[in-house]
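Novice: Input: one structure, supplied below.
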Amino acid sequence: MRILLVEDDTELGNGVKVGFEQQGFVVDWLTNLSALTIYLAHTHYAALILDLSLPDGDGRAWLERARANGVALPILIITARDAVPDRIDGLNAGADDYLAKPFDLSECIARVHALIRRSAGHSNNFLKHGRLAFDLTQHRVTFDGIDCGLTRREVDLLHVFLLHPKRVFSRDDLEAHLYDDESAIESNTIEVHLYKLRKKIHPKIIQNLRGIGYVLAPPL
Amino acid sequence: MTIALTLSSKSLSRRLLVSILSFVLLFWLTSAAVTMYKALDEVSHLLDQQLIYNAYFVHGTIPMMTPAERSNEADSHHQHEEDHERDKNHVQLPHNSSELLSVQLKKLGLSKIPEHILLQVFEDNVLRYRSSGAPFEALSTIEGFSEAELRLKKSRFRVFTLSDGPQRIIVATTLQSRHDIAREFAEALLTPLALLLPLLAAWIVFALRRGFRVFRQLNSEIRTRPHYGDQAWMSIGHNIHLPSEITPLVETLNILLHGLGQHINNERAFTANAAHELRTPLAALSSQLHVVAHARNEAERSVAIAHAQNALKRASHLINSLLLLARIDSPENLNTSALNTKCLLLPLVRRVLSDNLELLNQNTIEVTLESELTETTEVLAHEELLAALLNNLIRNAAFYAYPKDIAERPLMLKIDIRSPEQITIEIKDWGRGIPETEREIVLRRFYRMNQGRLDNSVGAGLGLAIGQKIAQLMGDGLRLSATRNHINLPGLSVGFTLNKVRNSPTK
C-alpha cells in the first residue's frame with residue numbers, strides 16, 4: 001500500500017516513514033508542498049498524510065485547492081494546531097481525519113488503515129470475498145477458515161486487490177503500490193508474488209487479463 | 001467559566017439625582033422663605049399705606065366741630081359717658097359723624113367698617129367717634145405708626161395716629177389679619193411653584209436617564225459581545241451616538257482594547273508557536289521510539305535511536321530557549337543590576353567558541369577571531385546572557401556559513417574599539433545570507449527562513465529573537481547587514497555594541 005507523507009521535520013518525517021514501512025506500507029516522503037501536486041498526478045496513492053505548517057506554504061490552503069481540483073484520495077492531517085476550531089477548519093477544508101501532534105504512531109497507522117478501508121467502501125477491518133477472509137488488524141488471510149500463511153508482501157498485494165475488487169491492475173500499478181522508487185526489484189517479482197497467492201489461496205483467486213493486467217476473481 | 005467581579009460601586013445617576021433634587025428642594029424652600037418674608041414686608045408696607053389712607057379718608061369725611069358744637073358736645077359728652085357706663089358695648093355716635101361716614105363708605109361699596117379695622121376719632125382728647133369693637137381709650141398716643149395690644153380682643157394691632165389740630169384720628173388693624181393677608185399672598189405666589197416641583201423632579205429624572213443612556217448602551221454592547229476570542233477586543237461605541245464628553249474616554253478605551261488585543265494575539269501566537277515547536281520534536285521522539293520498538297534490524301534501530309536523540313536535543317534546546325525568553329521578557333525575573341557587571345570579554349568569547357567546537361568541526365567551519373582587545377579588557381554586561389547571545393549567533397552562523405572548502409574564511413568574529421566607552425562585536429559568515437527584505441523579520445520570534453527550513457530542522461526560529469532581546473537589554477540591539485568576500489560570496493554580518501569598562505586596557 002503506497003502512501004504519501006508531507007512533513008518538513010526531519011526526525012518526525014523519518015519516524016513516520018519508517019514506522020509505516022514497518023507495517024508494510026510504501027511511503028514517499030516530501031518535505032514541502034512544491035512537488036506534492038506532481039507526485040499525486042503521477043502516482044496512485046492510497047492515502048496522503050499532510051502536515052499543515054510547511055516551509056513553502058500552508059497545507060490547509062493546498063488541501064482546499066486540491067479538493068476543489070478533484071483530488072479525492074483520503075487525507076490525514078497531522079499538525080501541532082490542536083485547538084477545536086483548527087480541527088474543524090482542517091476537516092472543513094477537505095481532510096478526512098485530523099491528528100494533533102504529538103501522536104502515537106500506532107494510532108496514526110490505524111487511522112490511515114481506516115481511511116483507506118473506508119475510501120474502498122468497507123466499514124470494518126474484516127474483508128470478505130466469498131470464501132476468502134482478510135483480517136486487516138492481524139494481517140491474516142484465511143480461505144475456508146484455514147490460515148493461508150501469506151508473507152507480508154503477499155498480504156499487501158492481496159490487500160490491494162481486495163480494496164478494489166473490480167479494478168484491473170497493471171504490473172506497474174502493483175509495483176507502485178508495493179515498492180518505493182528506490183527499491184531494486186526484479187522484473188518478475190509481481191508475477192512471483194501472484195503465483196504464490198494462487199498457490200496458497202486458490203488457483204483462480206487472481207485472474208490474468210492478457211495484455212491488460214490482473215484482477216481479483218469473483219467470489220469463489 | 002464565569003468570572004464574577006465585585007466592585008464597590010455607587011450609582012452616579014442616583015447620586016446626581018439625589019443631589020440635584022436636594023438642591024432644587026433647598027432652593028425652592030429658600031425661595032419660599034424669602035418670598036414669604038418679602039411678601040410680609042411688602043404687605044405690611046401696603047397695609048401701612050392703607051392705614052394712612054384710611055386715616056386721611058376719615059379725616060376728610062368727618063369735619064371738625066364748630067365751637068358751639070363743641071360746647072354741646074361737652075354737655076352731651078357727660079351724658080354720653082353715663083350711657084357708656086350703662087352699656088359699654090354700645091357704640092355711641094355723636095353728631096352726625098356716623099351718618100357721614102356711612103355715606104362715604106357706601107360710596108366705596110362698603111356697608112360698614114370691616115371688623116378687623118378699628119377707628120377712633122378724638123377731638124380735644126374727647127372721643128368723637130369709634131368703630132364697632134374699638135375701645136373708648138385711645139389705642140395709641142404716639143403720632144404715626146405704633147403697635148398696641150387690646151386685652152379685650154386678645155390681639156395685637158398695628159396703629160396709625162393722625163393729628164390735625166384738636167382732631168386725632170386713630171386707625172388700627174390686627175397684626176393677625178395682616179399676617180393672614182401676607183400668607184395668602186405668598187401662598188398665591190408659591191402654590192403654582194410647589195405644584196410644578198414634582199414635574200420638575202420628573203423632568204430631571206428623565207433628563208438624567210436620557211443623559212446616562214449612552215453608558216447603558218456601551219455597557220450593553222460590551223456585555224453582549226463574546227468575552228473571549230478576537231471579538232472581545234474589538235473597539236466599542238461605533239454604533240452609538242457619543243456625546244463629546246464621553247468620546248475621549250471611549251477613544252482611550254478603544255486604544256487600550258486594541259493594545260490588549262494585540263498583546264493577547266502576540267501571546268496566543270507565541271504560545272501556539274511554542275506548542276508547535278515543542279509538539280513536533282515530541283511527535284518525532286514518539287515516532288522514533290515506535291520505530292525502535294518495531295525495528296526490523298539493528299541498523300534500523302540505531303538510526304531510529306539517533307533520530308530520537310536529535311528530537312530530544314531539539315526539544316531540550318527549545319525548552320531552554322523558552323525559559324531564557326521568559327527570563328529576559330520579565331524584568332522581575334532578571335537581576336537588572338547584573339546587566340552591567342564587569343566581565344572579561346575575550347575569555348568569554350573563547351569559552352563560547354570551544355562550546356561550539358563540535359558543531360563547527362562537524363560543518364567544517366573555520367573561525368577567525370580578530371580583536372583589538374587584550375585578555376584583561378572588561379565590558380559591562382550580564383555574563384550569562386552575553387554568553388547566550390554569542391552562542392546563538394555563532395551557532396546560527398555555523399549552520400548557514402559555507403564550509404571551509406567553499407569559503408576562504410567561513411566565519412569571522414571581529415571585535416573593534418568603537419570609542420573609549422564602547423566596543424562592537426561582529427559575527428560575519430559567508431553563507432547564504434539573509435535577503436534585505438527579511439533582515440527585520442528574522443528577528444521575530446519563531447520566524448524561520450524558508451530556505452533554512454528545508455535542510456535544517458534544529459532551529460526553532462528563536463536564536464536571533466533571543467539575541468536581539470539580549471542585545472537590546474545590554475545595548476542598542478542587533479545590526480544585520482550583508483557581507484561579501486573576495487570571491488563574491490554572500491553572507492551575513494550580525495553586530496552589536498557593548499559598553500566597555502573605562503580605562504580597561506586595549507592593544
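By convention here, the chains of the C-alpha cells are called A, B, ... in the order presented, each chain's residues are numbered starting at 1, and ligands are numbered starting at 1 in the order presented.
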Specify as an NGL selection string all residues of chain B found within 12 Å of chain A, counting only C-alpha atoms.

Specialist: :B and (229 or 268-269 or 271-297 or 300-301 or 303-315 or 447-460)

Novice: Assign secondary structure with DSSP using the backbone only, and return the residues of stretch 62-203 of chain A in helix (DSSP H, G or I) as a PDB file with N, CA, C and O atoms, in the first residue's frame.

Specialist:
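Once everything was written out, this is part26.pdb:
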ATOM      1  N   TRP A  62      -3.468  24.437   0.527  1.00  0.00           N
ATOM      2  CA  TRP A  62      -3.228  23.478  -0.561  1.00  0.00           C
ATOM      3  C   TRP A  62      -4.353  22.453  -0.607  1.00  0.00           C
ATOM      4  O   TRP A  62      -4.863  22.115  -1.681  1.00  0.00           O
ATOM      5  N   LEU A  63      -4.756  21.984   0.571  1.00  0.00           N
ATOM      6  CA  LEU A  63      -5.801  20.968   0.677  1.00  0.00           C
ATOM      7  C   LEU A  63      -7.109  21.456   0.050  1.00  0.00           C
ATOM      8  O   LEU A  63      -7.764  20.732  -0.716  1.00  0.00           O
ATOM      9  N   GLU A  64      -7.449  22.695   0.364  1.00  0.00           N
ATOM     10  CA  GLU A  64      -8.697  23.258  -0.163  1.00  0.00           C
ATOM     11  C   GLU A  64      -8.647  23.309  -1.701  1.00  0.00           C
ATOM     12  O   GLU A  64      -9.615  22.947  -2.376  1.00  0.00           O
ATOM     13  N   ARG A  65      -7.494  23.751  -2.195  1.00  0.00           N
ATOM     14  CA  ARG A  65      -7.333  23.844  -3.656  1.00  0.00           C
ATOM     15  C   ARG A  65      -7.384  22.441  -4.283  1.00  0.00           C
ATOM     16  O   ARG A  65      -8.029  22.233  -5.311  1.00  0.00           O
ATOM     17  N   ALA A  66      -6.708  21.498  -3.625  1.00  0.00           N
ATOM     18  CA  ALA A  66      -6.653  20.138  -4.176  1.00  0.00           C
ATOM     19  C   ALA A  66      -8.041  19.526  -4.245  1.00  0.00           C
ATOM     20  O   ALA A  66      -8.412  18.915  -5.254  1.00  0.00           O
ATOM     21  N   ARG A  67      -8.828  19.697  -3.189  1.00  0.00           N
ATOM     22  CA  ARG A  67     -10.196  19.149  -3.192  1.00  0.00           C
ATOM     23  C   ARG A  67     -11.014  19.809  -4.292  1.00  0.00           C
ATOM     24  O   ARG A  67     -11.814  19.142  -4.960  1.00  0.00           O
ATOM     25  N   ALA A  68     -10.828  21.134  -4.448  1.00  0.00           N
ATOM     26  CA  ALA A  68     -11.566  21.849  -5.496  1.00  0.00           C
ATOM     27  C   ALA A  68     -11.174  21.326  -6.875  1.00  0.00           C
ATOM     28  O   ALA A  68     -11.990  21.338  -7.809  1.00  0.00           O
ATOM     29  N   VAL A  84      -9.840  23.114  18.898  1.00  0.00           N
ATOM     30  CA  VAL A  84     -11.053  22.607  18.227  1.00  0.00           C
ATOM     31  C   VAL A  84     -11.348  23.383  16.940  1.00  0.00           C
ATOM     32  O   VAL A  84     -11.630  22.774  15.896  1.00  0.00           O
ATOM     33  N   PRO A  85     -11.269  24.743  16.951  1.00  0.00           N
ATOM     34  CA  PRO A  85     -11.540  25.458  15.691  1.00  0.00           C
ATOM     35  C   PRO A  85     -10.571  25.048  14.578  1.00  0.00           C
ATOM     36  O   PRO A  85     -10.968  24.982  13.412  1.00  0.00           O
ATOM     37  N   ASP A  86      -9.303  24.756  14.942  1.00  0.00           N
ATOM     38  CA  ASP A  86      -8.327  24.325  13.927  1.00  0.00           C
ATOM     39  C   ASP A  86      -8.729  22.978  13.339  1.00  0.00           C
ATOM     40  O   ASP A  86      -8.626  22.750  12.128  1.00  0.00           O
ATOM     41  N   ARG A  87      -9.182  22.075  14.227  1.00  0.00           N
ATOM     42  CA  ARG A  87      -9.596  20.743  13.749  1.00  0.00           C
ATOM     43  C   ARG A  87     -10.784  20.874  12.801  1.00  0.00           C
ATOM     44  O   ARG A  87     -10.816  20.267  11.733  1.00  0.00           O
ATOM     45  N   ILE A  88     -11.758  21.699  13.246  1.00  0.00           N
ATOM     46  CA  ILE A  88     -12.960  21.896  12.413  1.00  0.00           C
ATOM     47  C   ILE A  88     -12.557  22.492  11.067  1.00  0.00           C
ATOM     48  O   ILE A  88     -13.011  22.060  10.004  1.00  0.00           O
ATOM     49  N   ASP A  89     -11.672  23.484  11.149  1.00  0.00           N
ATOM     50  CA  ASP A  89     -11.218  24.169   9.939  1.00  0.00           C
ATOM     51  C   ASP A  89     -10.531  23.180   8.986  1.00  0.00           C
ATOM     52  O   ASP A  89     -10.794  23.188   7.777  1.00  0.00           O
ATOM     53  N   GLY A  90      -9.683  22.331   9.546  1.00  0.00           N
ATOM     54  CA  GLY A  90      -8.959  21.353   8.728  1.00  0.00           C
ATOM     55  C   GLY A  90      -9.901  20.362   8.073  1.00  0.00           C
ATOM     56  O   GLY A  90      -9.771  20.050   6.881  1.00  0.00           O
ATOM     57  N   LEU A  91     -10.888  19.894   8.856  1.00  0.00           N
ATOM     58  CA  LEU A  91     -11.849  18.931   8.303  1.00  0.00           C
ATOM     59  C   LEU A  91     -12.724  19.590   7.243  1.00  0.00           C
ATOM     60  O   LEU A  91     -13.029  18.993   6.212  1.00  0.00           O
ATOM     61  N   ASN A  92     -13.110  20.855   7.518  1.00  0.00           N
ATOM     62  CA  ASN A  92     -13.929  21.576   6.537  1.00  0.00           C
ATOM     63  C   ASN A  92     -13.151  21.855   5.254  1.00  0.00           C
ATOM     64  O   ASN A  92     -13.740  22.007   4.181  1.00  0.00           O
ATOM     65  N   LEU A 105       2.291   6.733  17.005  1.00  0.00           N
ATOM     66  CA  LEU A 105       2.401   6.288  15.617  1.00  0.00           C
ATOM     67  C   LEU A 105       1.441   5.129  15.327  1.00  0.00           C
ATOM     68  O   LEU A 105       0.912   5.035  14.214  1.00  0.00           O
ATOM     69  N   SER A 106       1.187   4.290  16.327  1.00  0.00           N
ATOM     70  CA  SER A 106       0.239   3.184  16.116  1.00  0.00           C
ATOM     71  C   SER A 106      -1.139   3.742  15.787  1.00  0.00           C
ATOM     72  O   SER A 106      -1.844   3.213  14.923  1.00  0.00           O
ATOM     73  N   GLU A 107      -1.519   4.816  16.485  1.00  0.00           N
ATOM     74  CA  GLU A 107      -2.820   5.438  16.225  1.00  0.00           C
ATOM     75  C   GLU A 107      -2.839   6.012  14.812  1.00  0.00           C
ATOM     76  O   GLU A 107      -3.830   5.885  14.092  1.00  0.00           O
ATOM     77  N   CYS A 108      -1.733   6.645  14.449  1.00  0.00           N
ATOM     78  CA  CYS A 108      -1.641   7.243  13.115  1.00  0.00           C
ATOM     79  C   CYS A 108      -1.797   6.155  12.047  1.00  0.00           C
ATOM     80  O   CYS A 108      -2.555   6.320  11.077  1.00  0.00           O
ATOM     81  N   ILE A 109      -1.116   5.035  12.253  1.00  0.00           N
ATOM     82  CA  ILE A 109      -1.198   3.930  11.283  1.00  0.00           C
ATOM     83  C   ILE A 109      -2.628   3.381  11.235  1.00  0.00           C
ATOM     84  O   ILE A 109      -3.182   3.148  10.158  1.00  0.00           O
ATOM     85  N   ALA A 110      -3.243   3.235  12.418  1.00  0.00           N
ATOM     86  CA  ALA A 110      -4.620   2.719  12.477  1.00  0.00           C
ATOM     87  C   ALA A 110      -5.574   3.656  11.748  1.00  0.00           C
ATOM     88  O   ALA A 110      -6.481   3.205  11.030  1.00  0.00           O
ATOM     89  N   ARG A 111      -5.357   4.943  11.920  1.00  0.00           N
ATOM     90  CA  ARG A 111      -6.240   5.911  11.251  1.00  0.00           C
ATOM     91  C   ARG A 111      -6.070   5.845   9.737  1.00  0.00           C
ATOM     92  O   ARG A 111      -7.055   5.945   8.993  1.00  0.00           O
ATOM     93  N   VAL A 112      -4.836   5.705   9.302  1.00  0.00           N
ATOM     94  CA  VAL A 112      -4.605   5.612   7.857  1.00  0.00           C
ATOM     95  C   VAL A 112      -5.248   4.334   7.310  1.00  0.00           C
ATOM     96  O   VAL A 112      -5.900   4.357   6.258  1.00  0.00           O
ATOM     97  N   HIS A 113      -5.105   3.242   8.051  1.00  0.00           N
ATOM     98  CA  HIS A 113      -5.767   1.994   7.654  1.00  0.00           C
ATOM     99  C   HIS A 113      -7.271   2.220   7.514  1.00  0.00           C
ATOM    100  O   HIS A 113      -7.887   1.794   6.525  1.00  0.00           O
ATOM    101  N   ALA A 114      -7.840   2.864   8.505  1.00  0.00           N
ATOM    102  CA  ALA A 114      -9.287   3.098   8.500  1.00  0.00           C
ATOM    103  C   ALA A 114      -9.696   3.979   7.325  1.00  0.00           C
ATOM    104  O   ALA A 114     -10.721   3.731   6.678  1.00  0.00           O
ATOM    105  N   LEU A 115      -8.888   5.001   7.062  1.00  0.00           N
ATOM    106  CA  LEU A 115      -9.200   5.902   5.939  1.00  0.00           C
ATOM    107  C   LEU A 115      -9.191   5.132   4.624  1.00  0.00           C
ATOM    108  O   LEU A 115     -10.098   5.288   3.790  1.00  0.00           O
ATOM    109  N   ILE A 116      -8.161   4.300   4.460  1.00  0.00           N
ATOM    110  CA  ILE A 116      -8.043   3.536   3.205  1.00  0.00           C
ATOM    111  C   ILE A 116      -9.217   2.559   3.084  1.00  0.00           C
ATOM    112  O   ILE A 116      -9.841   2.433   2.028  1.00  0.00           O
ATOM    113  N   ARG A 117      -9.536   1.922   4.207  1.00  0.00           N
ATOM    114  CA  ARG A 117     -10.628   0.954   4.215  1.00  0.00           C
ATOM    115  C   ARG A 117     -11.959   1.640   3.876  1.00  0.00           C
ATOM    116  O   ARG A 117     -12.711   1.166   3.028  1.00  0.00           O
ATOM    117  N   ARG A 118     -12.206   2.766   4.516  1.00  0.00           N
ATOM    118  CA  ARG A 118     -13.472   3.476   4.269  1.00  0.00           C
ATOM    119  C   ARG A 118     -13.548   3.992   2.836  1.00  0.00           C
ATOM    120  O   ARG A 118     -14.608   4.002   2.228  1.00  0.00           O
ATOM    121  N   SER A 119     -12.393   4.465   2.327  1.00  0.00           N
ATOM    122  CA  SER A 119     -12.405   5.004   0.957  1.00  0.00           C
ATOM    123  C   SER A 119     -12.725   3.890  -0.054  1.00  0.00           C
ATOM    124  O   SER A 119     -13.203   4.163  -1.149  1.00  0.00           O
ATOM    125  N   ARG A 152       4.298 -11.038   4.374  1.00  0.00           N
ATOM    126  CA  ARG A 152       3.857  -9.650   4.448  1.00  0.00           C
ATOM    127  C   ARG A 152       3.588  -9.071   3.054  1.00  0.00           C
ATOM    128  O   ARG A 152       2.577  -8.423   2.815  1.00  0.00           O
ATOM    129  N   ARG A 153       4.506  -9.319   2.139  1.00  0.00           N
ATOM    130  CA  ARG A 153       4.361  -8.751   0.797  1.00  0.00           C
ATOM    131  C   ARG A 153       3.141  -9.342   0.089  1.00  0.00           C
ATOM    132  O   ARG A 153       2.398  -8.628  -0.588  1.00  0.00           O
ATOM    133  N   GLU A 154       2.897 -10.652   0.283  1.00  0.00           N
ATOM    134  CA  GLU A 154       1.736 -11.300  -0.338  1.00  0.00           C
ATOM    135  C   GLU A 154       0.434 -10.749   0.253  1.00  0.00           C
ATOM    136  O   GLU A 154      -0.545 -10.522  -0.465  1.00  0.00           O
ATOM    137  N   VAL A 155       0.466 -10.534   1.566  1.00  0.00           N
ATOM    138  CA  VAL A 155      -0.715  -9.938   2.226  1.00  0.00           C
ATOM    139  C   VAL A 155      -0.989  -8.555   1.645  1.00  0.00           C
ATOM    140  O   VAL A 155      -2.135  -8.205   1.320  1.00  0.00           O
ATOM    141  N   ASP A 156       0.081  -7.755   1.513  1.00  0.00           N
ATOM    142  CA  ASP A 156      -0.070  -6.397   0.973  1.00  0.00           C
ATOM    143  C   ASP A 156      -0.634  -6.442  -0.451  1.00  0.00           C
ATOM    144  O   ASP A 156      -1.497  -5.629  -0.816  1.00  0.00           O
ATOM    145  N   LEU A 157      -0.154  -7.374  -1.236  1.00  0.00           N
ATOM    146  CA  LEU A 157      -0.624  -7.482  -2.624  1.00  0.00           C
ATOM    147  C   LEU A 157      -2.106  -7.865  -2.656  1.00  0.00           C
ATOM    148  O   LEU A 157      -2.904  -7.255  -3.388  1.00  0.00           O
ATOM    149  N   LEU A 158      -2.466  -8.826  -1.825  1.00  0.00           N
ATOM    150  CA  LEU A 158      -3.867  -9.244  -1.780  1.00  0.00           C
ATOM    151  C   LEU A 158      -4.766  -8.102  -1.265  1.00  0.00           C
ATOM    152  O   LEU A 158      -5.882  -7.915  -1.748  1.00  0.00           O
ATOM    153  N   HIS A 159      -4.232  -7.354  -0.321  1.00  0.00           N
ATOM    154  CA  HIS A 159      -4.966  -6.206   0.240  1.00  0.00           C
ATOM    155  C   HIS A 159      -5.325  -5.207  -0.868  1.00  0.00           C
ATOM    156  O   HIS A 159      -6.448  -4.701  -0.939  1.00  0.00           O
ATOM    157  N   VAL A 160      -4.369  -4.955  -1.754  1.00  0.00           N
ATOM    158  CA  VAL A 160      -4.606  -4.029  -2.869  1.00  0.00           C
ATOM    159  C   VAL A 160      -5.773  -4.537  -3.721  1.00  0.00           C
ATOM    160  O   VAL A 160      -6.693  -3.781  -4.055  1.00  0.00           O
ATOM    161  N   PHE A 161      -5.772  -5.822  -4.012  1.00  0.00           N
ATOM    162  CA  PHE A 161      -6.866  -6.381  -4.830  1.00  0.00           C
ATOM    163  C   PHE A 161      -8.198  -6.343  -4.078  1.00  0.00           C
ATOM    164  O   PHE A 161      -9.229  -6.032  -4.661  1.00  0.00           O
ATOM    165  N   LEU A 162      -8.142  -6.648  -2.771  1.00  0.00           N
ATOM    166  CA  LEU A 162      -9.402  -6.694  -2.002  1.00  0.00           C
ATOM    167  C   LEU A 162     -10.023  -5.309  -1.823  1.00  0.00           C
ATOM    168  O   LEU A 162     -11.247  -5.180  -1.755  1.00  0.00           O
ATOM    169  N   LEU A 163      -9.187  -4.299  -1.741  1.00  0.00           N
ATOM    170  CA  LEU A 163      -9.727  -2.938  -1.600  1.00  0.00           C
ATOM    171  C   LEU A 163     -10.415  -2.488  -2.877  1.00  0.00           C
ATOM    172  O   LEU A 163     -11.350  -1.686  -2.844  1.00  0.00           O
ATOM    173  N   ARG A 171       1.017  -4.413 -14.046  1.00  0.00           N
ATOM    174  CA  ARG A 171       2.139  -4.810 -13.207  1.00  0.00           C
ATOM    175  C   ARG A 171       2.774  -3.573 -12.572  1.00  0.00           C
ATOM    176  O   ARG A 171       3.143  -3.579 -11.400  1.00  0.00           O
ATOM    177  N   ASP A 172       2.860  -2.496 -13.379  1.00  0.00           N
ATOM    178  CA  ASP A 172       3.455  -1.258 -12.851  1.00  0.00           C
ATOM    179  C   ASP A 172       2.644  -0.703 -11.685  1.00  0.00           C
ATOM    180  O   ASP A 172       3.203  -0.196 -10.711  1.00  0.00           O
ATOM    181  N   ASP A 173       1.294  -0.791 -11.838  1.00  0.00           N
ATOM    182  CA  ASP A 173       0.421  -0.318 -10.742  1.00  0.00           C
ATOM    183  C   ASP A 173       0.743  -1.074  -9.457  1.00  0.00           C
ATOM    184  O   ASP A 173       0.875  -0.482  -8.384  1.00  0.00           O
ATOM    185  N   LEU A 174       0.836  -2.381  -9.610  1.00  0.00           N
ATOM    186  CA  LEU A 174       1.067  -3.207  -8.422  1.00  0.00           C
ATOM    187  C   LEU A 174       2.450  -2.951  -7.828  1.00  0.00           C
ATOM    188  O   LEU A 174       2.599  -2.881  -6.604  1.00  0.00           O
ATOM    189  N   GLU A 175       3.432  -2.744  -8.685  1.00  0.00           N
ATOM    190  CA  GLU A 175       4.776  -2.417  -8.188  1.00  0.00           C
ATOM    191  C   GLU A 175       4.752  -1.099  -7.425  1.00  0.00           C
ATOM    192  O   GLU A 175       5.370  -0.953  -6.370  1.00  0.00           O
ATOM    193  N   ALA A 176       4.014  -0.138  -7.988  1.00  0.00           N
ATOM    194  CA  ALA A 176       3.938   1.183  -7.343  1.00  0.00           C
ATOM    195  C   ALA A 176       3.282   1.093  -5.974  1.00  0.00           C
ATOM    196  O   ALA A 176       3.609   1.853  -5.058  1.00  0.00           O
ATOM    197  N   HIS A 177       2.318   0.172  -5.853  1.00  0.00           N
ATOM    198  CA  HIS A 177       1.651   0.006  -4.562  1.00  0.00           C
ATOM    199  C   HIS A 177       2.552  -0.673  -3.544  1.00  0.00           C
ATOM    200  O   HIS A 177       2.429  -0.443  -2.349  1.00  0.00           O
ATOM    201  N   LEU A 178       3.431  -1.512  -4.007  1.00  0.00           N
ATOM    202  CA  LEU A 178       4.196  -2.345  -3.079  1.00  0.00           C
ATOM    203  C   LEU A 178       5.628  -1.877  -2.844  1.00  0.00           C
ATOM    204  O   LEU A 178       6.210  -2.176  -1.801  1.00  0.00           O
ATOM    205  N   THR A 189       9.052  -9.958 -10.210  1.00  0.00           N
ATOM    206  CA  THR A 189       8.726 -10.031  -8.780  1.00  0.00           C
ATOM    207  C   THR A 189       7.220 -10.143  -8.561  1.00  0.00           C
ATOM    208  O   THR A 189       6.752 -10.988  -7.785  1.00  0.00           O
ATOM    209  N   ILE A 190       6.460  -9.299  -9.230  1.00  0.00           N
ATOM    210  CA  ILE A 190       4.999  -9.301  -9.048  1.00  0.00           C
ATOM    211  C   ILE A 190       4.412 -10.647  -9.475  1.00  0.00           C
ATOM    212  O   ILE A 190       3.565 -11.219  -8.769  1.00  0.00           O
ATOM    213  N   GLU A 191       4.905 -11.138 -10.611  1.00  0.00           N
ATOM    214  CA  GLU A 191       4.399 -12.422 -11.094  1.00  0.00           C
ATOM    215  C   GLU A 191       4.678 -13.532 -10.069  1.00  0.00           C
ATOM    216  O   GLU A 191       3.832 -14.405  -9.848  1.00  0.00           O
ATOM    217  N   VAL A 192       5.850 -13.454  -9.432  1.00  0.00           N
ATOM    218  CA  VAL A 192       6.201 -14.454  -8.423  1.00  0.00           C
ATOM    219  C   VAL A 192       5.220 -14.387  -7.255  1.00  0.00           C
ATOM    220  O   VAL A 192       4.702 -15.408  -6.781  1.00  0.00           O
ATOM    221  N   HIS A 193       4.953 -13.166  -6.794  1.00  0.00           N
ATOM    222  CA  HIS A 193       4.001 -12.995  -5.679  1.00  0.00           C
ATOM    223  C   HIS A 193       2.620 -13.501  -6.071  1.00  0.00           C
ATOM    224  O   HIS A 193       1.939 -14.164  -5.270  1.00  0.00           O
ATOM    225  N   LEU A 194       2.201 -13.212  -7.300  1.00  0.00           N
ATOM    226  CA  LEU A 194       0.881 -13.637  -7.755  1.00  0.00           C
ATOM    227  C   LEU A 194       0.801 -15.173  -7.823  1.00  0.00           C
ATOM    228  O   LEU A 194      -0.202 -15.769  -7.435  1.00  0.00           O
ATOM    229  N   TYR A 195       1.894 -15.751  -8.284  1.00  0.00           N
ATOM    230  CA  TYR A 195       1.947 -17.210  -8.358  1.00  0.00           C
ATOM    231  C   TYR A 195       1.761 -17.812  -6.968  1.00  0.00           C
ATOM    232  O   TYR A 195       0.994 -18.768  -6.772  1.00  0.00           O
ATOM    233  N   LYS A 196       2.454 -17.215  -5.978  1.00  0.00           N
ATOM    234  CA  LYS A 196       2.380 -17.738  -4.609  1.00  0.00           C
ATOM    235  C   LYS A 196       0.981 -17.541  -4.021  1.00  0.00           C
ATOM    236  O   LYS A 196       0.485 -18.396  -3.286  1.00  0.00           O
ATOM    237  N   LEU A 197       0.373 -16.413  -4.366  1.00  0.00           N
ATOM    238  CA  LEU A 197      -1.003 -16.176  -3.882  1.00  0.00           C
ATOM    239  C   LEU A 197      -1.937 -17.257  -4.409  1.00  0.00           C
ATOM    240  O   LEU A 197      -2.755 -17.808  -3.666  1.00  0.00           O
ATOM    241  N   ARG A 198      -1.813 -17.554  -5.705  1.00  0.00           N
ATOM    242  CA  ARG A 198      -2.681 -18.565  -6.320  1.00  0.00           C
ATOM    243  C   ARG A 198      -2.424 -19.929  -5.682  1.00  0.00           C
ATOM    244  O   ARG A 198      -3.352 -20.691  -5.430  1.00  0.00           O
ATOM    245  N   LYS A 199      -1.144 -20.150  -5.389  1.00  0.00           N
ATOM    246  CA  LYS A 199      -0.772 -21.443  -4.829  1.00  0.00           C
ATOM    247  C   LYS A 199      -1.291 -21.590  -3.396  1.00  0.00           C
ATOM    248  O   LYS A 199      -1.791 -22.650  -3.003  1.00  0.00           O
ATOM    249  N   LYS A 200      -1.190 -20.513  -2.608  1.00  0.00           N
ATOM    250  CA  LYS A 200      -1.532 -20.599  -1.185  1.00  0.00           C
ATOM    251  C   LYS A 200      -3.032 -20.452  -0.945  1.00  0.00           C
ATOM    252  O   LYS A 200      -3.552 -20.971   0.055  1.00  0.00           O
TER     253      LYS A 200
END

Novice: Which distance in Å separates atom CA of B:Phe206 and atom CA of B:Ser22, to one decimal?

Specialist: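 Here the two named atoms are 16.3 Å from each other.
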
Novice: Run DSSP on the backbone of this structure and report the residues of stretch 325-422 of chain B it assigns to strand (DSSP E), as a PyMOL selection string.

Specialist: chain B and resi 341-344+367-371+378-381+411-419+422

Novice: So that I have them on file, write out the residues from the current selection with C-alpha atoms, as a compact mmCIF listing (two decimals), in the first residue's frame.

Specialist:
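What landed in result.txt:
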# COMPACT_ATOMS: atom_id res chain seq x y z
CA THR B 341 28.58 43.55 35.68
CA LYS B 342 32.24 43.74 34.72
CA CYS B 343 33.29 40.69 32.73
CA LEU B 344 36.36 39.71 30.71
CA VAL B 367 36.53 30.60 12.82
CA THR B 368 38.81 33.62 12.61
CA LEU B 369 38.98 35.91 15.62
CA GLU B 370 40.15 39.48 15.08
CA SER B 371 40.30 41.59 18.19
CA GLU B 378 36.44 44.22 30.57
CA VAL B 379 32.95 45.01 29.35
CA LEU B 380 29.78 45.84 31.27
CA ALA B 381 27.36 43.04 30.58
CA LEU B 411 33.14 32.58 9.94
CA MET B 412 34.84 35.60 11.41
CA LEU B 413 34.40 37.08 14.83
CA LYS B 414 35.59 40.68 14.86
CA ILE B 415 35.86 42.84 17.97
CA ASP B 416 36.59 46.54 17.48
CA ILE B 417 37.01 49.51 19.79
CA ARG B 418 34.31 51.92 18.77
CA SER B 419 35.01 54.60 21.36
CA GLN B 422 32.13 51.18 23.61
